[in-house]
file model02.cif (mmCIF, C-alpha atoms)
data_start
loop_
_atom_site.label_atom_id
_atom_site.label_comp_id
_atom_site.auth_asym_id
_atom_site.auth_seq_id
_atom_site.Cartn_x
_atom_site.Cartn_y
_atom_site.Cartn_z
CA MET G 1 -11.44 0.97 -26.83
CA ASN G 2 -9.66 1.70 -30.08
CA ALA G 3 -6.11 0.60 -30.93
CA GLY G 4 -4.63 3.85 -29.59
CA MET G 5 -6.33 3.41 -26.24
CA TRP G 6 -5.12 -0.21 -25.97
CA LEU G 7 -1.61 1.01 -26.73
CA ALA G 8 -1.96 3.58 -23.93
CA VAL G 9 -3.16 0.90 -21.48
CA MET G 10 -0.24 -1.38 -22.40
CA SER G 11 2.26 1.50 -22.10
CA VAL G 12 1.02 2.38 -18.60
CA ALA G 13 0.98 -1.31 -17.59
CA LEU G 14 4.55 -1.94 -18.80
CA GLY G 15 5.79 1.37 -17.41
CA THR G 16 4.30 0.62 -13.98
CA LEU G 17 5.74 -2.91 -13.99
CA ALA G 18 9.16 -1.47 -14.93
CA MET G 19 8.97 1.03 -12.05
CA ARG G 20 8.16 -1.80 -9.65
CA ALA G 21 10.56 -4.46 -10.96
CA LEU G 22 13.67 -2.76 -12.42
CA PRO G 23 14.77 -1.13 -9.13
CA LEU G 24 14.71 -4.64 -7.65
CA VAL G 25 17.04 -5.92 -10.37
CA TRP G 26 19.39 -2.97 -9.66
CA MET G 27 19.29 -3.56 -5.90
CA ARG G 28 19.92 -7.31 -6.26
CA ARG G 29 23.05 -6.60 -8.31
CA ARG G 30 24.22 -4.17 -5.63
CA LEU G 31 23.56 -6.72 -2.89
CA ARG G 32 25.45 -9.39 -4.85
CA ARG G 33 28.49 -7.10 -5.03
CA PHE G 34 28.58 -7.13 -1.23
CA GLY G 35 29.45 -10.83 -1.19
CA ASP G 36 27.86 -14.03 0.05
CA GLU G 37 26.09 -12.55 3.04
CA PRO G 38 24.29 -9.50 1.71
CA GLY G 39 22.06 -7.73 4.18
CA LEU G 40 20.88 -4.38 5.39
CA ASP G 41 24.45 -3.05 5.37
CA ALA G 42 24.47 -3.24 1.59
CA MET G 43 21.44 -0.97 1.31
CA PRO G 44 21.98 2.76 0.85
CA PRO G 45 21.08 4.20 4.32
CA TRP G 46 18.56 6.69 2.91
CA LEU G 47 16.62 3.83 1.33
CA GLY G 48 16.24 2.04 4.66
CA VAL G 49 14.92 5.27 6.21
CA LEU G 50 12.53 5.95 3.34
CA GLY G 51 10.69 2.60 3.60
CA PRO G 52 8.98 3.14 6.98
CA LEU G 53 8.41 6.82 6.14
CA MET G 54 6.52 5.83 2.97
CA ILE G 55 4.29 3.60 5.11
CA ALA G 56 3.72 6.52 7.51
CA ALA G 57 2.77 8.70 4.53
CA LEU G 58 0.35 6.00 3.32
CA LEU G 59 -1.20 6.01 6.78
CA GLY G 60 -1.57 9.80 6.65
CA VAL G 61 -3.28 9.67 3.24
CA SER G 62 -5.65 6.90 4.32
CA LEU G 63 -6.59 8.73 7.54
CA ALA G 64 -8.36 11.50 5.62
CA PRO G 65 -12.02 10.56 6.15
CA GLN G 66 -14.39 10.24 3.19
CA ARG G 67 -16.85 12.56 4.92
CA GLN G 68 -14.95 15.47 6.37
CA ASP G 69 -17.43 16.47 9.04
CA LEU G 70 -17.58 15.94 12.80
CA VAL G 71 -18.81 12.34 12.42
CA GLY G 72 -16.07 11.46 9.94
CA TRP G 73 -13.30 12.81 12.17
CA LEU G 74 -14.79 11.37 15.37
CA ALA G 75 -15.15 7.94 13.76
CA THR G 76 -11.53 8.13 12.56
CA LEU G 77 -10.30 9.15 16.02
CA VAL G 78 -12.25 6.37 17.75
CA GLY G 79 -11.13 3.83 15.11
CA VAL G 80 -7.47 4.82 15.57
CA ALA G 81 -7.77 4.59 19.38
CA ALA G 82 -9.42 1.16 19.20
CA THR G 83 -6.77 -0.11 16.77
CA LEU G 84 -3.92 1.08 19.00
CA ILE G 85 -5.47 -0.29 22.22
CA VAL G 86 -5.99 -3.74 20.69
CA TRP G 87 -2.52 -3.66 19.11
CA ARG G 88 -0.95 -2.92 22.53
CA ARG G 89 -2.72 -5.94 23.99
CA THR G 90 -2.25 -8.43 21.15
CA ARG G 91 0.81 -7.17 19.17
CA ALA G 92 -0.91 -8.91 16.24
CA LEU G 93 -2.01 -7.72 12.80
CA GLY G 94 -5.58 -8.98 12.34
CA TRP G 95 -7.39 -8.16 15.60
CA PRO G 96 -6.39 -4.48 15.74
CA VAL G 97 -7.78 -4.04 12.21
CA VAL G 98 -11.05 -5.78 13.13
CA ALA G 99 -11.38 -3.66 16.29
CA GLY G 100 -10.63 -0.44 14.41
CA VAL G 101 -13.20 -1.12 11.68
CA ILE G 102 -15.89 -2.11 14.23
CA ALA G 103 -15.24 1.00 16.36
CA PHE G 104 -15.26 3.23 13.27
CA GLY G 105 -18.49 1.60 12.05
CA LEU G 106 -20.21 1.94 15.44
CA VAL G 107 -19.61 5.71 15.50
CA VAL G 108 -21.01 6.03 11.95
CA ILE G 109 -24.07 3.90 12.81
CA VAL G 110 -24.77 5.76 16.08
CA ALA G 111 -24.46 9.08 14.24
CA ARG G 112 -26.97 7.87 11.63
CA LEU G 113 -29.43 6.72 14.29
CA TRP G 114 -29.22 10.10 16.02
CA GLY G 115 -29.28 12.05 12.79
CA MET U 1 10.75 -30.72 -4.89
CA SER U 2 10.21 -32.84 -1.76
CA SER U 3 6.78 -33.28 -0.20
CA GLU U 4 8.11 -31.43 2.87
CA SER U 5 9.00 -28.30 0.83
CA ILE U 6 5.67 -28.44 -1.02
CA ARG U 7 3.89 -28.53 2.35
CA HIS U 8 5.99 -25.56 3.60
CA ASN U 9 5.29 -23.57 0.43
CA SER U 10 1.56 -24.16 0.55
CA SER U 11 1.41 -23.23 4.23
CA ALA U 12 3.42 -20.05 3.53
CA TRP U 13 1.06 -19.28 0.63
CA LEU U 14 -1.93 -19.67 2.94
CA THR U 15 -0.30 -17.51 5.63
CA GLY U 16 0.27 -14.75 3.07
CA LEU U 17 -3.33 -15.10 1.92
CA ARG U 18 -4.62 -14.87 5.51
CA GLU U 19 -2.44 -11.92 6.44
CA ALA U 20 -3.54 -9.96 3.36
CA ILE U 21 -7.25 -10.29 4.23
CA PRO U 22 -7.37 -6.85 5.95
CA LEU U 23 -6.36 -5.33 2.60
CA LEU U 24 -9.70 -6.40 1.13
CA GLY U 25 -11.55 -3.89 3.32
CA GLY U 26 -9.73 -1.11 1.52
CA TYR U 27 -9.42 -2.66 -1.93
CA VAL U 28 -12.90 -3.94 -2.69
CA PRO U 29 -14.90 -0.72 -2.03
CA VAL U 30 -12.38 1.37 -4.01
CA ALA U 31 -12.31 -1.19 -6.84
CA ILE U 32 -16.12 -1.14 -6.98
CA SER U 33 -15.97 2.67 -7.25
CA PHE U 34 -13.41 2.34 -10.06
CA GLY U 35 -15.63 -0.10 -11.96
CA LEU U 36 -18.58 2.26 -11.58
CA VAL U 37 -16.63 5.39 -12.62
CA ALA U 38 -15.05 3.63 -15.61
CA THR U 39 -18.45 2.34 -16.78
CA GLN U 40 -19.84 5.86 -16.59
CA ALA U 41 -16.80 7.06 -18.57
CA GLY U 42 -17.78 4.71 -21.41
CA PHE U 43 -15.48 1.71 -20.89
CA SER U 44 -16.94 -1.77 -21.33
CA THR U 45 -16.87 -4.39 -18.55
CA TRP U 46 -14.02 -6.39 -20.11
CA GLU U 47 -12.00 -3.26 -20.83
CA ILE U 48 -12.32 -2.34 -17.15
CA VAL U 49 -11.18 -5.82 -16.10
CA ALA U 50 -8.23 -5.56 -18.51
CA ILE U 51 -7.20 -2.14 -17.10
CA SER U 52 -7.38 -3.39 -13.50
CA THR U 53 -5.51 -6.60 -14.35
CA LEU U 54 -2.74 -4.99 -16.38
CA ILE U 55 -2.17 -1.58 -14.74
CA TYR U 56 -3.20 -2.55 -11.18
CA ALA U 57 -2.58 0.81 -9.54
CA GLY U 58 -5.58 2.49 -7.89
CA ALA U 59 -5.11 6.25 -8.13
CA SER U 60 -3.51 6.16 -11.56
CA GLN U 61 -6.37 4.05 -12.97
CA PHE U 62 -8.89 6.68 -11.87
CA LEU U 63 -6.74 9.35 -13.52
CA PHE U 64 -6.34 7.25 -16.68
CA VAL U 65 -10.07 6.72 -17.29
CA GLY U 66 -10.84 10.32 -16.28
CA MET U 67 -8.34 11.82 -18.72
CA ALA U 68 -9.20 9.35 -21.49
CA ALA U 69 -12.93 10.05 -21.12
CA GLY U 70 -12.22 13.80 -21.05
CA GLY U 71 -10.50 13.56 -24.44
CA ALA U 72 -6.95 14.37 -23.21
CA PRO U 73 -4.12 13.44 -25.63
CA LEU U 74 -3.12 9.82 -25.05
CA TRP U 75 0.60 10.63 -24.60
CA LEU U 76 -0.34 13.08 -21.81
CA THR U 77 -2.67 10.50 -20.22
CA VAL U 78 0.15 7.93 -20.22
CA ALA U 79 2.72 10.42 -18.88
CA MET U 80 0.51 11.68 -16.04
CA THR U 81 -0.52 8.15 -15.06
CA LEU U 82 3.11 7.01 -14.90
CA LEU U 83 4.06 10.13 -12.95
CA ILE U 84 1.63 9.19 -10.18
CA ASN U 85 3.18 5.71 -9.98
CA ILE U 86 6.78 6.92 -9.74
CA ARG U 87 6.80 6.50 -5.94
CA HIS U 88 6.83 2.74 -6.56
CA VAL U 89 10.52 2.85 -7.55
CA VAL U 90 11.65 2.85 -3.90
CA TYR U 91 9.46 -0.07 -2.79
CA ALA U 92 11.22 -3.11 -4.27
CA PRO U 93 14.78 -2.07 -3.26
CA ASN U 94 13.52 -1.76 0.30
CA LEU U 95 12.38 -5.39 0.21
CA ALA U 96 15.44 -6.70 -1.67
CA PRO U 97 17.51 -7.76 1.39
CA TRP U 98 14.77 -10.24 2.34
CA LEU U 99 14.05 -11.66 -1.11
CA THR U 100 15.49 -15.03 -2.04
CA GLY U 101 17.32 -15.89 -5.25
CA SER U 102 14.22 -17.00 -7.17
CA ARG U 103 13.79 -15.63 -10.69
CA TRP U 104 10.08 -15.14 -10.01
CA TRP U 105 10.59 -12.08 -7.80
CA PRO U 106 10.87 -9.40 -10.53
CA TRP U 107 7.62 -10.68 -12.11
CA LEU U 108 5.90 -10.79 -8.73
CA MET U 109 6.65 -7.09 -8.35
CA HIS U 110 3.56 -6.49 -10.53
CA GLY U 111 1.69 -7.06 -7.27
CA LEU U 112 3.78 -4.58 -5.28
CA THR U 113 1.17 -1.93 -4.56
CA ASP U 114 1.44 0.61 -1.72
CA GLN U 115 -0.47 -1.64 0.64
CA VAL U 116 1.30 -4.90 -0.29
CA PHE U 117 4.63 -3.09 0.18
CA ALA U 118 3.61 -1.90 3.66
CA LEU U 119 2.58 -5.43 4.63
CA ALA U 120 5.63 -7.13 3.08
CA HIS U 121 8.09 -4.61 4.54
CA THR U 122 6.93 -5.52 8.03
CA ARG U 123 6.29 -9.25 7.59
CA LEU U 124 9.06 -10.54 5.28
CA PRO U 125 11.92 -10.03 7.79
CA ARG U 126 10.01 -12.20 10.29
CA ILE U 127 9.36 -15.08 7.87
CA PRO U 128 11.90 -17.88 7.26
CA ALA U 129 13.71 -17.35 3.93
CA ALA U 130 12.32 -20.56 2.41
CA GLN U 131 8.74 -19.38 2.93
CA ARG U 132 9.04 -15.80 1.68
CA LEU U 133 8.25 -16.50 -1.98
CA GLY U 134 5.12 -18.46 -1.03
CA TRP U 135 4.04 -15.84 1.51
CA PHE U 136 4.43 -12.95 -0.94
CA THR U 137 2.68 -14.85 -3.74
CA GLY U 138 -0.31 -15.62 -1.51
CA ALA U 139 -0.62 -12.04 -0.24
CA ALA U 140 -0.11 -10.44 -3.67
CA VAL U 141 -2.47 -12.79 -5.50
CA LEU U 142 -5.27 -12.19 -2.99
CA ALA U 143 -4.83 -8.41 -3.23
CA TRP U 144 -4.65 -8.50 -7.04
CA SER U 145 -7.68 -10.74 -7.48
CA SER U 146 -9.73 -8.67 -5.02
CA TRP U 147 -8.89 -5.54 -7.02
CA VAL U 148 -9.81 -7.15 -10.34
CA GLY U 149 -12.91 -8.83 -8.87
CA GLY U 150 -14.02 -5.58 -7.21
CA SER U 151 -13.61 -3.68 -10.49
CA LEU U 152 -15.72 -6.30 -12.29
CA LEU U 153 -18.37 -6.08 -9.57
CA GLY U 154 -18.36 -2.30 -9.80
CA ALA U 155 -18.72 -2.41 -13.58
CA VAL U 156 -21.60 -4.90 -13.46
CA ALA U 157 -23.50 -3.83 -10.33
CA GLY U 158 -21.70 -0.81 -8.85
CA GLU U 159 -24.69 1.50 -8.91
CA TRP U 160 -27.00 -1.05 -7.29
CA LEU U 161 -24.42 -1.96 -4.63
CA THR U 162 -23.69 1.62 -3.57
CA HIS U 163 -27.43 2.31 -3.24
CA ARG U 164 -28.16 -0.95 -1.42
CA TRP U 165 -25.29 -0.90 1.13
CA PRO U 166 -23.94 2.65 1.36
CA LEU U 167 -22.73 2.05 4.93
CA LEU U 168 -20.43 -0.79 3.85
CA GLY U 169 -18.62 1.47 1.39
CA GLU U 170 -18.21 4.07 4.13
CA VAL U 171 -16.96 1.80 6.91
CA MET U 172 -14.83 -0.91 5.25
CA PRO U 173 -12.13 1.42 3.86
CA PHE U 174 -11.07 2.14 7.46
CA ALA U 175 -9.40 -1.29 7.34
CA LEU U 176 -6.51 0.34 5.44
CA PRO U 177 -5.51 3.01 8.01
CA ALA U 178 -6.05 0.44 10.76
CA LEU U 179 -3.70 -1.97 8.98
CA PHE U 180 -1.05 0.71 8.37
CA LEU U 181 -1.32 1.71 12.03
CA ALA U 182 -0.79 -1.87 13.22
CA LEU U 183 2.18 -2.21 10.83
CA LEU U 184 3.73 1.08 11.91
CA ALA U 185 3.16 0.97 15.68
CA PRO U 186 6.23 -1.22 16.44
CA ARG U 187 8.48 1.29 14.64
CA PHE U 188 7.97 4.09 17.17
CA THR U 189 11.11 2.98 18.98
CA SER U 190 12.93 6.29 19.60
CA PHE U 191 12.30 10.03 19.63
CA ARG U 192 14.04 10.34 16.28
CA TRP U 193 11.91 7.71 14.57
CA SER U 194 8.70 8.86 16.28
CA LEU U 195 9.28 12.43 15.08
CA ALA U 196 10.09 11.40 11.50
CA LEU U 197 7.12 9.01 11.27
CA GLY U 198 4.77 11.54 12.89
CA VAL U 199 5.86 14.31 10.52
CA SER U 200 5.41 12.03 7.46
CA MET U 201 1.95 11.04 8.63
CA VAL U 202 0.73 14.56 9.43
CA ALA U 203 2.26 16.02 6.25
CA ALA U 204 0.55 13.35 4.10
CA LEU U 205 -2.78 13.97 5.82
CA ALA U 206 -2.44 17.76 5.37
CA LEU U 207 -1.47 17.42 1.70
CA THR U 208 -4.38 15.05 1.06
CA LEU U 209 -6.84 17.42 2.74
CA SER U 210 -5.45 20.22 0.54
CA GLY U 211 -6.27 18.20 -2.57
CA LEU U 212 -2.66 17.22 -3.34
CA THR U 213 -3.21 13.47 -2.93
CA SER U 214 -1.14 12.46 -5.95
CA VAL U 215 2.09 13.99 -4.62
CA SER U 216 1.39 13.59 -0.91
CA ILE U 217 3.17 10.24 -0.37
CA PRO U 218 6.63 11.13 -1.78
CA LEU U 219 6.49 14.71 -0.44
CA ALA U 220 5.44 13.63 3.06
CA ALA U 221 8.09 10.88 3.16
CA ALA U 222 10.70 13.46 2.10
CA CYS U 223 9.57 15.77 4.96
CA GLY U 224 9.90 12.88 7.41
CA ALA U 225 13.39 12.04 6.06
CA LEU U 226 14.47 15.68 6.52
CA CYS U 227 13.35 15.53 10.16
CA PHE U 228 15.11 12.19 10.64
CA TYR U 229 18.44 13.56 9.44
CA ALA U 230 17.94 16.99 11.08
CA VAL U 231 17.64 15.37 14.50
CA ARG U 232 20.80 13.36 13.89
CA HIS U 233 22.81 16.35 12.75
CA ARG U 234 21.50 18.82 15.36
CA PRO U 235 24.59 20.70 16.59
CA ARG U 236 25.21 20.69 20.34
CA ILE U 237 25.62 24.13 21.96
CA ALA U 238 28.47 24.09 24.46
CA GLY U 239 27.47 25.37 27.88
CA GLY U 240 23.75 25.30 27.03
CA ILE U 241 20.98 23.61 28.97
CA GLY U 242 21.59 19.89 29.23
CA SER U 243 25.05 20.06 27.75
#

call {"tool": "encode", "arguments": {"input": "model02.cif", "output": "structure tokens"}}
result
Amino acid sequence: MNAGMWLAVMSVALGTLAMRALPLVWMRRRLRRFGDEPGLDAMPPWLGVLGPLMIAALLGVSLAPQRQDLVGWLATLVGVAATLIVWRRTRALGWPVVAGVIAFGLVVIVARLWG
Amino acid sequence: MSSESIRHNSSAWLTGLREAIPLLGGYVPVAISFGLVATQAGFSTWEIVAISTLIYAGASQFLFVGMAAGGAPLWLTVAMTLLINIRHVVYAPNLAPWLTGSRWWPWLMHGLTDQVFALAHTRLPRIPAAQRLGWFTGAAVLAWSSWVGGSLLGAVAGEWLTHRWPLLGEVMPFALPALFLALLAPRFTSFRWSLALGVSMVAALALTLSGLTSVSIPLAAACGALCFYAVRHRPRIAGGIGS
């Protein structure tokens, strides 16, 4: 990379860090203004709503299968079902993920064996 | 620092590390792809490691190397890459109520990717305040190092790996939707929330399938927010059914 490209990399790196860190500095000042016991009440209500909705959007993006054919969608559906079933039983974080990946993988493997 | 607090911090660090393990399923295959794509675009191994270490933002890194290799003006490359990352501005304020007074937090936000945010947003409120810094550091460091390590692996042996184990690259990324699902499931607590979350999810999926991946997260979240507030402000019709 030449000097210009390094400058571009550093600009993107600093810009991204600023976008991640500066809003925190702003929010901490706002929370401090609310006194010794800052909490959720000090947060703008729209911000508290946006957090879970961003996670839901991330889920939507990640659900789009790499291969958009019957196998890809079926594997996704089975993986989602397995994740939810195990989550209902365990209410944990790790096991539902393991179950989802295994179920997803089994559908892909079976499809390959049949194909 | 007492030996008791050191023990607490190291156990919190390890808990964060353990709870971030599902992220690796999504990070490593994508990082390997990034290493491979960047090598093919003409970047050297150490340049790729530097990009992944310093920028540390998946989609925008792909865009950066793609535009740079395509000969786009550097100012435009920088502007477009930053534009993709703009959604990150709402992440840290959402975590702020659960962050302690440590001066390390703003610097640790370098590790606040989409996935780390989703994990931290669910887990931090359930962790004792004294352990939050350690927990976040452990989770963020594991995610960061897996991204950098995966990029290095992709740059050095990406082609060989994708030929040798194509199935692994196809199956492991499902760890990310499975993790998001497990994080989100407890939030379906009312009709209002279920509708808003469902709309966000379906809108993001539809936008991604239409090729609008880069704007899908903020747009879909905005759609969900509209639904959330529309349900709240729905006017009641006097004398109507159920009134």

call {"tool": "atom_distance", "arguments": {"input": "model02.cif", "atom1": "CA of Ala8 (chain G)", "atom2": "CA of Gly42 (chain U)"}}
result
16.1 Å

call {"tool": "residues_around", "arguments": {"input": "model02.cif", "residues": "Arg187 (chain U)", "least_positions_apart": "3", "cutoff": "10 Å", "atoms": "all atoms listed in the file", "output": "list in words"}}
result
Pro52 of chain G; Thr122, Ala182, Leu183, Leu184, Ser190, Trp193, Ser194 and Leu197 of chain U

call {"tool": "closest_residue", "arguments": {"input": "model02.cif", "among": "U:Ala130, U:Val148, U:Thr81, U:Ala38", "to": "Leu54 (chain U)", "atoms": "all atoms listed in the file"}}
result
U:Val148

call {"tool": "residues_around", "arguments": {"input": "model02.cif", "residues": "Pro177 (chain U)", "least_positions_apart": "2", "cutoff": "6 Å", "atoms": "only C-alpha atoms", "output": "ChimeraX atom specification"}}
result
/G:59,62-63 /U:174-175,179-181

call {"tool": "resolve_selection", "arguments": {"input": "model02.cif", "expression": "the PyMOL selection byres ((chain U and resi 205-208) around 9)", "output": "compact mmCIF listing (two decimals) with C-alpha atoms, in the coordinates of the input"}}
result
# COMPACT_ATOMS: atom_id res chain seq x y z
CA ALA G 57 2.77 8.70 4.53
CA LEU G 58 0.35 6.00 3.32
CA LEU G 59 -1.20 6.01 6.78
CA GLY G 60 -1.57 9.80 6.65
CA VAL G 61 -3.28 9.67 3.24
CA SER G 62 -5.65 6.90 4.32
CA LEU G 63 -6.59 8.73 7.54
CA ALA G 64 -8.36 11.50 5.62
CA SER U 200 5.41 12.03 7.46
CA MET U 201 1.95 11.04 8.63
CA VAL U 202 0.73 14.56 9.43
CA ALA U 203 2.26 16.02 6.25
CA ALA U 204 0.55 13.35 4.10
CA LEU U 209 -6.84 17.42 2.74
CA SER U 210 -5.45 20.22 0.54
CA GLY U 211 -6.27 18.20 -2.57
CA LEU U 212 -2.66 17.22 -3.34
CA THR U 213 -3.21 13.47 -2.93
CA SER U 214 -1.14 12.46 -5.95
CA VAL U 215 2.09 13.99 -4.62
CA SER U 216 1.39 13.59 -0.91
CA ILE U 217 3.17 10.24 -0.37
CA LEU U 219 6.49 14.71 -0.44
CA ALA U 220 5.44 13.63 3.06

call {"tool": "residues_around", "arguments": {"input": "model02.cif", "residues": "Leu17 (chain G)", "least_positions_apart": "3", "cutoff": "10 Å", "atoms": "all atoms listed in the file", "output": "list in words"}}
result
Ser11, Val12, Ala13, Leu14, Arg20, Ala21 and Leu22 of chain G; Leu54, Ile55, Tyr56, Asn85, His88, Val89, Pro106, Trp107, Leu108, Met109, His110, Gly111 and Leu112 of chain U

call {"tool": "atom_distance", "arguments": {"input": "model02.cif", "atom1": "CA of Met27 (chain G)", "atom2": "CA of Leu82 (chain U)"}}
result
21.3 Å

call {"tool": "resolve_selection", "arguments": {"input": "model02.cif", "expression": "the PyMOL selection byres ((chain G and resi 72-85) around 7)", "output": "MDAnalysis selection string"}}
result
(chainID G and resid 65 67:71 86:89 96:97 99:101 103:104 107:108) or (chainID U and resid 178)

call {"tool": "write_last_selection", "arguments": {"input": "model02.cif", "atoms": "C-alpha atoms", "output": "mmCIF file, keeping the file's coordinate frame"}}
result
data_model
loop_
_atom_site.group_PDB
_atom_site.id
_atom_site.type_symbol
_atom_site.label_atom_id
_atom_site.label_comp_id
_atom_site.auth_asym_id
_atom_site.auth_seq_id
_atom_site.Cartn_x
_atom_site.Cartn_y
_atom_site.Cartn_z
ATOM 1 C CA PRO G 65 -12.020 10.560 6.150
ATOM 2 C CA ARG G 67 -16.850 12.560 4.920
ATOM 3 C CA GLN G 68 -14.950 15.470 6.370
ATOM 4 C CA ASP G 69 -17.430 16.470 9.040
ATOM 5 C CA LEU G 70 -17.580 15.940 12.800
ATOM 6 C CA VAL G 71 -18.810 12.340 12.420
ATOM 7 C CA VAL G 86 -5.990 -3.740 20.690
ATOM 8 C CA TRP G 87 -2.520 -3.660 19.110
ATOM 9 C CA ARG G 88 -0.950 -2.920 22.530
ATOM 10 C CA ARG G 89 -2.720 -5.940 23.990
ATOM 11 C CA PRO G 96 -6.390 -4.480 15.740
ATOM 12 C CA VAL G 97 -7.780 -4.040 12.210
ATOM 13 C CA ALA G 99 -11.380 -3.660 16.290
ATOM 14 C CA GLY G 100 -10.630 -0.440 14.410
ATOM 15 C CA VAL G 101 -13.200 -1.120 11.680
ATOM 16 C CA ALA G 103 -15.240 1.000 16.360
ATOM 17 C CA PHE G 104 -15.260 3.230 13.270
ATOM 18 C CA VAL G 107 -19.610 5.710 15.500
ATOM 19 C CA VAL G 108 -21.010 6.030 11.950
ATOM 20 C CA ALA U 178 -6.050 0.440 10.760
#

call {"tool": "atom_distance", "arguments": {"input": "model02.cif", "atom1": "CA of Glu170 (chain U)", "atom2": "CA of His121 (chain U)"}}
result
27.7 Å

call {"tool": "resolve_selection", "arguments": {"input": "model02.cif", "expression": "the PyMOL selection byres ((chain U and resi 131) around 10)", "output": "compact mmCIF listing (two decimals) with C-alpha atoms, in the frame of the given file"}}
result
# COMPACT_ATOMS: atom_id res chain seq x y z
CA SER U 5 9.00 -28.30 0.83
CA HIS U 8 5.99 -25.56 3.60
CA ASN U 9 5.29 -23.57 0.43
CA SER U 10 1.56 -24.16 0.55
CA SER U 11 1.41 -23.23 4.23
CA ALA U 12 3.42 -20.05 3.53
CA TRP U 13 1.06 -19.28 0.63
CA THR U 15 -0.30 -17.51 5.63
CA GLY U 16 0.27 -14.75 3.07
CA THR U 100 15.49 -15.03 -2.04
CA LEU U 124 9.06 -10.54 5.28
CA ILE U 127 9.36 -15.08 7.87
CA PRO U 128 11.90 -17.88 7.26
CA ALA U 129 13.71 -17.35 3.93
CA ALA U 130 12.32 -20.56 2.41
CA ARG U 132 9.04 -15.80 1.68
CA LEU U 133 8.25 -16.50 -1.98
CA GLY U 134 5.12 -18.46 -1.03
CA TRP U 135 4.04 -15.84 1.51
CA PHE U 136 4.43 -12.95 -0.94

call {"tool": "residues_around", "arguments": {"input": "model02.cif", "residues": "Ala225 (chain U)", "least_positions_apart": "3", "cutoff": "7 Å", "atoms": "all atoms listed in the file", "output": "PyMOL selection string"}}
result
(chain G and resi 49-50) or (chain U and resi 196+221-222+228-229)

call {"tool": "closest_residue", "arguments": {"input": "model02.cif", "among": "U:Val78, U:Glu159, U:Gly71, U:Thr45", "to": "Met10 (chain G)", "atoms": "all atoms listed in the file"}}
result
U:Val78

call {"tool": "closest_residue", "arguments": {"input": "model02.cif", "among": "U:Leu76, U:Ala118, U:Ala155, U:Val28", "to": "chain G", "atoms": "all atoms listed in the file"}}
result
U:Ala118

call {"tool": "closest_residue", "arguments": {"input": "model02.cif", "among": "U:Pro29, U:Pro93, U:Gly198, U:Gly169", "to": "Trp46 (chain G)", "atoms": "only C-alpha atoms"}}
result
U:Pro93
